[in-house]
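Worksheet for the structure shown next.
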Amino acid sequence: MATAVKVYGPSISVAVSRVLACLLEKDVQFQLITINLAKAEHKKPDFLKLQPFGQVPAFQDESISLFESRAICRYVSDKYVNQGNKGLYGTNPLEKASIDQWLEAEGQSFSPPSSALVFQLAFAPRMKIKQDEGAIKLNKAKLAKVFDVYEKRLGESRYLAGDEFTLADLSHLPNTQYLVSATDKEELFTSRENVGRWWGEISSRESWKKVVEMQKSPSPLRS
């Protein structure tokens, strides 16, 4: 039996949940090792050996250690190419390039404003931090422009990188889940026909539903 890979971090983390969804799509056995951020466990020497920037997730596959969630997802998809969702990271150079360009769009155009909104609308109230209305307005406008581009693209293809679900779509799941379920900004998605249809499809995948359940009641070992 193959040794389970290890993922370090809380399942509620956006970056950690991205990796978990990828592992579930690829049917890779994993062990989730919870890191208590409130106790600064991610800044302790042992963890810094795995993740020198002191952020989650950290990832181990036997003797290999990696960090940065999108890099981990690419690695998992390539190493375990013949199991689970075989086309998650494409099957030829053109497909991979298309997936990569939308992963870049997610990281550079979607993630900054969506992360800002998630913090201001979902986490700031829990942390008893005053919300910055200016930041909310600014980032909502930025995200709306991103979704205008997505709306056009998703009118041309079922998913961002083509007609199959890939890492390009998967990478959007964590932040979007928070925006839809924990804020009042759902209209950013539902007001756009193609974006709304796309979100409905990707968020209903069994892999993502398992991640959402893990966030409610984390379990240390999944396969």
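So you can find residues: chains in the structure tokens are A, B, ... in the order shown, residues in each start at 1, and ligands are numbered from 1 in order.
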### Query
A:Tyr75: which residues within 12 Å, counting only C-alpha atoms, same-chain residues fewer than 3 positions away excluded, as a PyMOL selection string?
chain A and resi 19+22-23+26+59-61+64-72+78-81+88-89+167
Using only C-alpha atoms, what table do you get, as JSON lines, when you list each residue of stretch 109-138 of chain A with an atom no more than 12 Å from stretch 97-103 of chain A, its nearest pair of atoms, and their distance in Å rounded to one decimal, rows by chain then rising number?
```
{"residue": "A:Ser109", "atom": "CA", "partner": "A:Trp102", "partner_atom": "CA", "distance": 9.7}
{"residue": "A:Phe110", "atom": "CA", "partner": "A:Leu103", "partner_atom": "CA", "distance": 9.6}
{"residue": "A:Ser111", "atom": "CA", "partner": "A:Leu103", "partner_atom": "CA", "distance": 10.1}
```
Filtering to N, CA and C atoms, could you give me those residues as a compact mmCIF listing (two decimals), in the first residue's frame?
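Everything below was put into out-v9.txt:
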```
# COMPACT_ATOMS: atom_id res chain seq x y z
N SER A 109 -5.25 37.78 -11.01
CA SER A 109 -6.41 38.67 -11.21
C SER A 109 -7.58 38.36 -10.29
N PHE A 110 -7.86 37.07 -10.08
CA PHE A 110 -8.99 36.68 -9.24
C PHE A 110 -8.65 36.65 -7.76
N SER A 111 -7.52 36.06 -7.41
CA SER A 111 -7.21 35.83 -6.00
C SER A 111 -7.04 37.11 -5.18
```
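Minimum atom-to-atom distance to A:Glu95, evaluated using only C-alpha atoms, belongs to A:Gly162 out of A:Pro174, A:Tyr150, A:Gly162, A:Lys137.
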### Query
Quick one: of A:Lys49, A:Lys86, A:Arg74, A:Arg126, who's nearest to A:Asp27, counting only C-alpha atoms?
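The closest residue to A:Asp27 is A:Lys86.
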### Query
Among stretch 3-200 of chain A, which ones does DSSP place in helix (DSSP H, G or I), written as a PyMOL selection string?
chain A and resi 14-25+41-43+45-50+69-79+93-123+133-156+167-170+173-182+187-190+193-200
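The space separating atom CA of A:Ser181 from atom CA of A:Pro125 comes to 14.7 Å.
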### Task
Please return as a list in words: the residues of stretch 37-170 of chain A that backbone DSSP assigns to strand (DSSP E).
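Secondary structure check on stretch 37-170 of chain A, strand (DSSP E): Ala58, Phe59, Gln60, Asp61, Ile64, Ser65, Leu66 and Phe67 of chain A.
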### Message
Give me, as a ChimeraX atom specification, all polymer residues having an atom no more than 8 Å from A:Gln55, counting only C-alpha atoms and skipping those fewer than 4 positions away in the same chain.
### Response
/A:42-43,51
### Task
Rank nothing, just name the residue among A:Lys210, A:Lys145, A:Lys96, A:Lys128 nearest to A:Pro113, using only C-alpha atoms.
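When distances to A:Pro113 are compared using only C-alpha atoms, the smallest one comes from A:Lys145.
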### Summary
Using only C-alpha atoms, the residue out of A:Leu143, A:Glu156, A:Ile129, A:Glu25 with shortest distance to A:Ile202 is A:Glu25
### Task
Extract, using only C-alpha atoms, all DNA, RNA and protein residues at most 9 Å from A:Ser114, discarding same-chain residues fewer than 6 positions from it, and format them as a PyMOL selection string.
chain A and resi 139-140+142-143+175-176+179
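Distances to A:Gln83 were evaluated for A:Val28, A:Val118, A:Met127, A:Asp132 using only C-alpha atoms, and the minimum falls at A:Val28.
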### Task
Report the distance between atom CA of A:Arg192 and atom CA of A:Glu151 in Å, rounded to one decimal place.
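A separation of 6.6 Å between them.
Minimum atom-to-atom distances from A:Ser115, A:Ser63, A:Thr183, A:Thr190 to A:Leu50 were compared using only C-alpha atoms, and the lowest value belongs to A:Ser63.
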### Query
Can you tell me, as number ranges by chain, what residues are no more than 12 Å from A:Leu154 when counting only C-alpha atoms, ignoring any on the same chain fewer than 5 positions away?
A: 147-149, 159-164, 169, 192-199
Can you write out the residues you just picked, keeping all heavy atoms, as a short mmCIF file (atom, residue, chain, number, x, y, z; two decimals), in the first residue's frame?
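Contents of out.cif, as written:
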```cif
data_model
loop_
_atom_site.label_atom_id
_atom_site.label_comp_id
_atom_site.auth_asym_id
_atom_site.auth_seq_id
_atom_site.Cartn_x
_atom_site.Cartn_y
_atom_site.Cartn_z
N PHE A 147 -14.84 38.90 -13.42
CA PHE A 147 -15.96 38.03 -13.78
C PHE A 147 -16.58 38.42 -15.12
O PHE A 147 -17.20 37.58 -15.78
CB PHE A 147 -17.01 38.03 -12.67
CG PHE A 147 -16.66 37.11 -11.54
CD1 PHE A 147 -16.92 37.48 -10.23
CD2 PHE A 147 -16.09 35.88 -11.76
CE1 PHE A 147 -16.59 36.64 -9.17
CE2 PHE A 147 -15.77 35.02 -10.72
CZ PHE A 147 -16.02 35.41 -9.43
N ASP A 148 -16.41 39.67 -15.53
CA ASP A 148 -16.87 40.04 -16.88
C ASP A 148 -16.06 39.28 -17.93
O ASP A 148 -16.60 38.82 -18.94
CB ASP A 148 -16.71 41.55 -17.09
CG ASP A 148 -17.75 42.35 -16.32
OD1 ASP A 148 -18.78 41.77 -15.92
OD2 ASP A 148 -17.54 43.56 -16.12
N VAL A 149 -14.76 39.14 -17.67
CA VAL A 149 -13.90 38.36 -18.58
C VAL A 149 -14.30 36.88 -18.53
O VAL A 149 -14.42 36.21 -19.57
CB VAL A 149 -12.41 38.52 -18.20
CG1 VAL A 149 -11.54 37.60 -19.05
CG2 VAL A 149 -11.98 39.98 -18.36
N TYR A 159 -15.79 25.05 -19.30
CA TYR A 159 -14.91 25.41 -18.19
C TYR A 159 -13.86 26.40 -18.68
O TYR A 159 -13.79 26.71 -19.88
CB TYR A 159 -14.24 24.16 -17.62
CG TYR A 159 -15.21 23.15 -17.05
CD1 TYR A 159 -15.56 22.01 -17.78
CD2 TYR A 159 -15.79 23.33 -15.79
CE1 TYR A 159 -16.46 21.08 -17.26
CE2 TYR A 159 -16.68 22.41 -15.27
CZ TYR A 159 -17.01 21.28 -16.01
OH TYR A 159 -17.91 20.37 -15.49
N LEU A 160 -13.04 26.90 -17.79
CA LEU A 160 -12.12 27.97 -18.16
C LEU A 160 -11.09 27.56 -19.20
O LEU A 160 -10.78 28.32 -20.12
CB LEU A 160 -11.41 28.51 -16.90
CG LEU A 160 -12.28 29.36 -15.98
CD1 LEU A 160 -11.53 29.67 -14.69
CD2 LEU A 160 -12.73 30.64 -16.67
N ALA A 161 -10.53 26.35 -19.06
CA ALA A 161 -9.47 25.93 -19.98
C ALA A 161 -9.98 25.06 -21.12
O ALA A 161 -9.20 24.53 -21.89
CB ALA A 161 -8.37 25.19 -19.21
N GLY A 162 -11.28 24.90 -21.22
CA GLY A 162 -11.86 24.06 -22.27
C GLY A 162 -13.15 23.43 -21.81
O GLY A 162 -13.86 23.98 -20.96
N ASP A 163 -13.44 22.26 -22.33
CA ASP A 163 -14.71 21.61 -22.01
C ASP A 163 -14.61 20.54 -20.93
O ASP A 163 -15.56 19.80 -20.71
CB ASP A 163 -15.31 21.01 -23.29
CG ASP A 163 -15.80 22.11 -24.24
OD1 ASP A 163 -16.29 23.14 -23.74
OD2 ASP A 163 -15.67 21.93 -25.47
N GLU A 164 -13.46 20.48 -20.27
CA GLU A 164 -13.28 19.54 -19.17
C GLU A 164 -12.84 20.29 -17.91
O GLU A 164 -12.11 21.28 -17.98
CB GLU A 164 -12.23 18.47 -19.52
CG GLU A 164 -12.56 17.63 -20.73
CD GLU A 164 -13.79 16.75 -20.55
OE1 GLU A 164 -14.08 16.40 -19.39
OE2 GLU A 164 -14.44 16.42 -21.56
N ASP A 169 -10.10 25.44 -12.96
CA ASP A 169 -11.38 25.63 -12.27
C ASP A 169 -11.25 25.33 -10.79
O ASP A 169 -11.73 26.09 -9.94
CB ASP A 169 -12.45 24.71 -12.90
CG ASP A 169 -12.51 24.84 -14.40
OD1 ASP A 169 -12.96 25.89 -14.89
OD2 ASP A 169 -12.08 23.89 -15.10
N ARG A 192 -24.41 36.69 -13.30
CA ARG A 192 -23.81 36.38 -14.60
C ARG A 192 -24.17 34.95 -14.96
O ARG A 192 -23.78 34.02 -14.27
CB ARG A 192 -22.29 36.58 -14.54
CG ARG A 192 -21.89 38.03 -14.36
CD ARG A 192 -20.40 38.16 -14.03
NE ARG A 192 -19.96 39.54 -13.99
CZ ARG A 192 -20.16 40.36 -12.96
NH1 ARG A 192 -20.77 39.91 -11.88
NH2 ARG A 192 -19.75 41.61 -13.02
N GLU A 193 -24.88 34.78 -16.05
CA GLU A 193 -25.43 33.46 -16.40
C GLU A 193 -24.36 32.39 -16.51
O GLU A 193 -24.49 31.30 -15.93
CB GLU A 193 -26.19 33.56 -17.73
CG GLU A 193 -26.80 32.23 -18.17
CD GLU A 193 -27.53 32.35 -19.49
OE1 GLU A 193 -27.61 33.47 -20.03
OE2 GLU A 193 -28.03 31.32 -19.99
N ASN A 194 -23.31 32.67 -17.26
CA ASN A 194 -22.29 31.64 -17.50
C ASN A 194 -21.45 31.38 -16.25
O ASN A 194 -21.11 30.23 -15.95
CB ASN A 194 -21.39 32.05 -18.67
CG ASN A 194 -22.16 32.15 -19.97
OD1 ASN A 194 -23.03 31.34 -20.25
ND2 ASN A 194 -21.84 33.16 -20.77
N VAL A 195 -21.11 32.44 -15.52
CA VAL A 195 -20.34 32.27 -14.28
C VAL A 195 -21.17 31.51 -13.25
O VAL A 195 -20.66 30.62 -12.56
CB VAL A 195 -19.91 33.64 -13.71
CG1 VAL A 195 -19.30 33.49 -12.32
CG2 VAL A 195 -18.89 34.30 -14.64
N GLY A 196 -22.45 31.83 -13.17
CA GLY A 196 -23.32 31.13 -12.23
C GLY A 196 -23.44 29.66 -12.56
O GLY A 196 -23.40 28.80 -11.66
N ARG A 197 -23.60 29.35 -13.85
CA ARG A 197 -23.67 27.94 -14.28
C ARG A 197 -22.37 27.22 -13.96
O ARG A 197 -22.38 26.10 -13.43
CB ARG A 197 -23.95 27.92 -15.79
CG ARG A 197 -24.15 26.53 -16.40
CD ARG A 197 -22.86 25.95 -16.97
NE ARG A 197 -22.20 26.86 -17.88
CZ ARG A 197 -20.92 26.78 -18.21
NH1 ARG A 197 -20.15 25.84 -17.67
NH2 ARG A 197 -20.38 27.66 -19.05
N TRP A 198 -21.24 27.86 -14.25
CA TRP A 198 -19.91 27.29 -13.99
C TRP A 198 -19.72 27.01 -12.50
O TRP A 198 -19.29 25.92 -12.12
CB TRP A 198 -18.87 28.26 -14.51
CG TRP A 198 -17.45 28.02 -14.12
CD1 TRP A 198 -16.63 27.02 -14.57
CD2 TRP A 198 -16.66 28.82 -13.22
NE1 TRP A 198 -15.37 27.15 -14.01
CE2 TRP A 198 -15.36 28.25 -13.18
CE3 TRP A 198 -16.91 29.96 -12.47
CZ2 TRP A 198 -14.33 28.78 -12.39
CZ3 TRP A 198 -15.89 30.49 -11.70
CH2 TRP A 198 -14.62 29.90 -11.66
N TRP A 199 -20.07 27.98 -11.65
CA TRP A 199 -19.91 27.78 -10.21
C TRP A 199 -20.78 26.63 -9.72
O TRP A 199 -20.35 25.81 -8.91
CB TRP A 199 -20.23 29.05 -9.44
CG TRP A 199 -20.33 28.81 -7.96
CD1 TRP A 199 -21.43 28.92 -7.16
CD2 TRP A 199 -19.27 28.37 -7.10
NE1 TRP A 199 -21.13 28.58 -5.86
CE2 TRP A 199 -19.81 28.23 -5.80
CE3 TRP A 199 -17.92 28.07 -7.30
CZ2 TRP A 199 -19.05 27.82 -4.71
CZ3 TRP A 199 -17.17 27.65 -6.21
CH2 TRP A 199 -17.73 27.53 -4.94
#
```
#### Entry: Spatial neighbours of A:Tyr8, 9 Å, only C-alpha atoms, chain gap at least 5 places, as a VMD selection string
chain A and resid 16 31 to 35 47 56 to 60
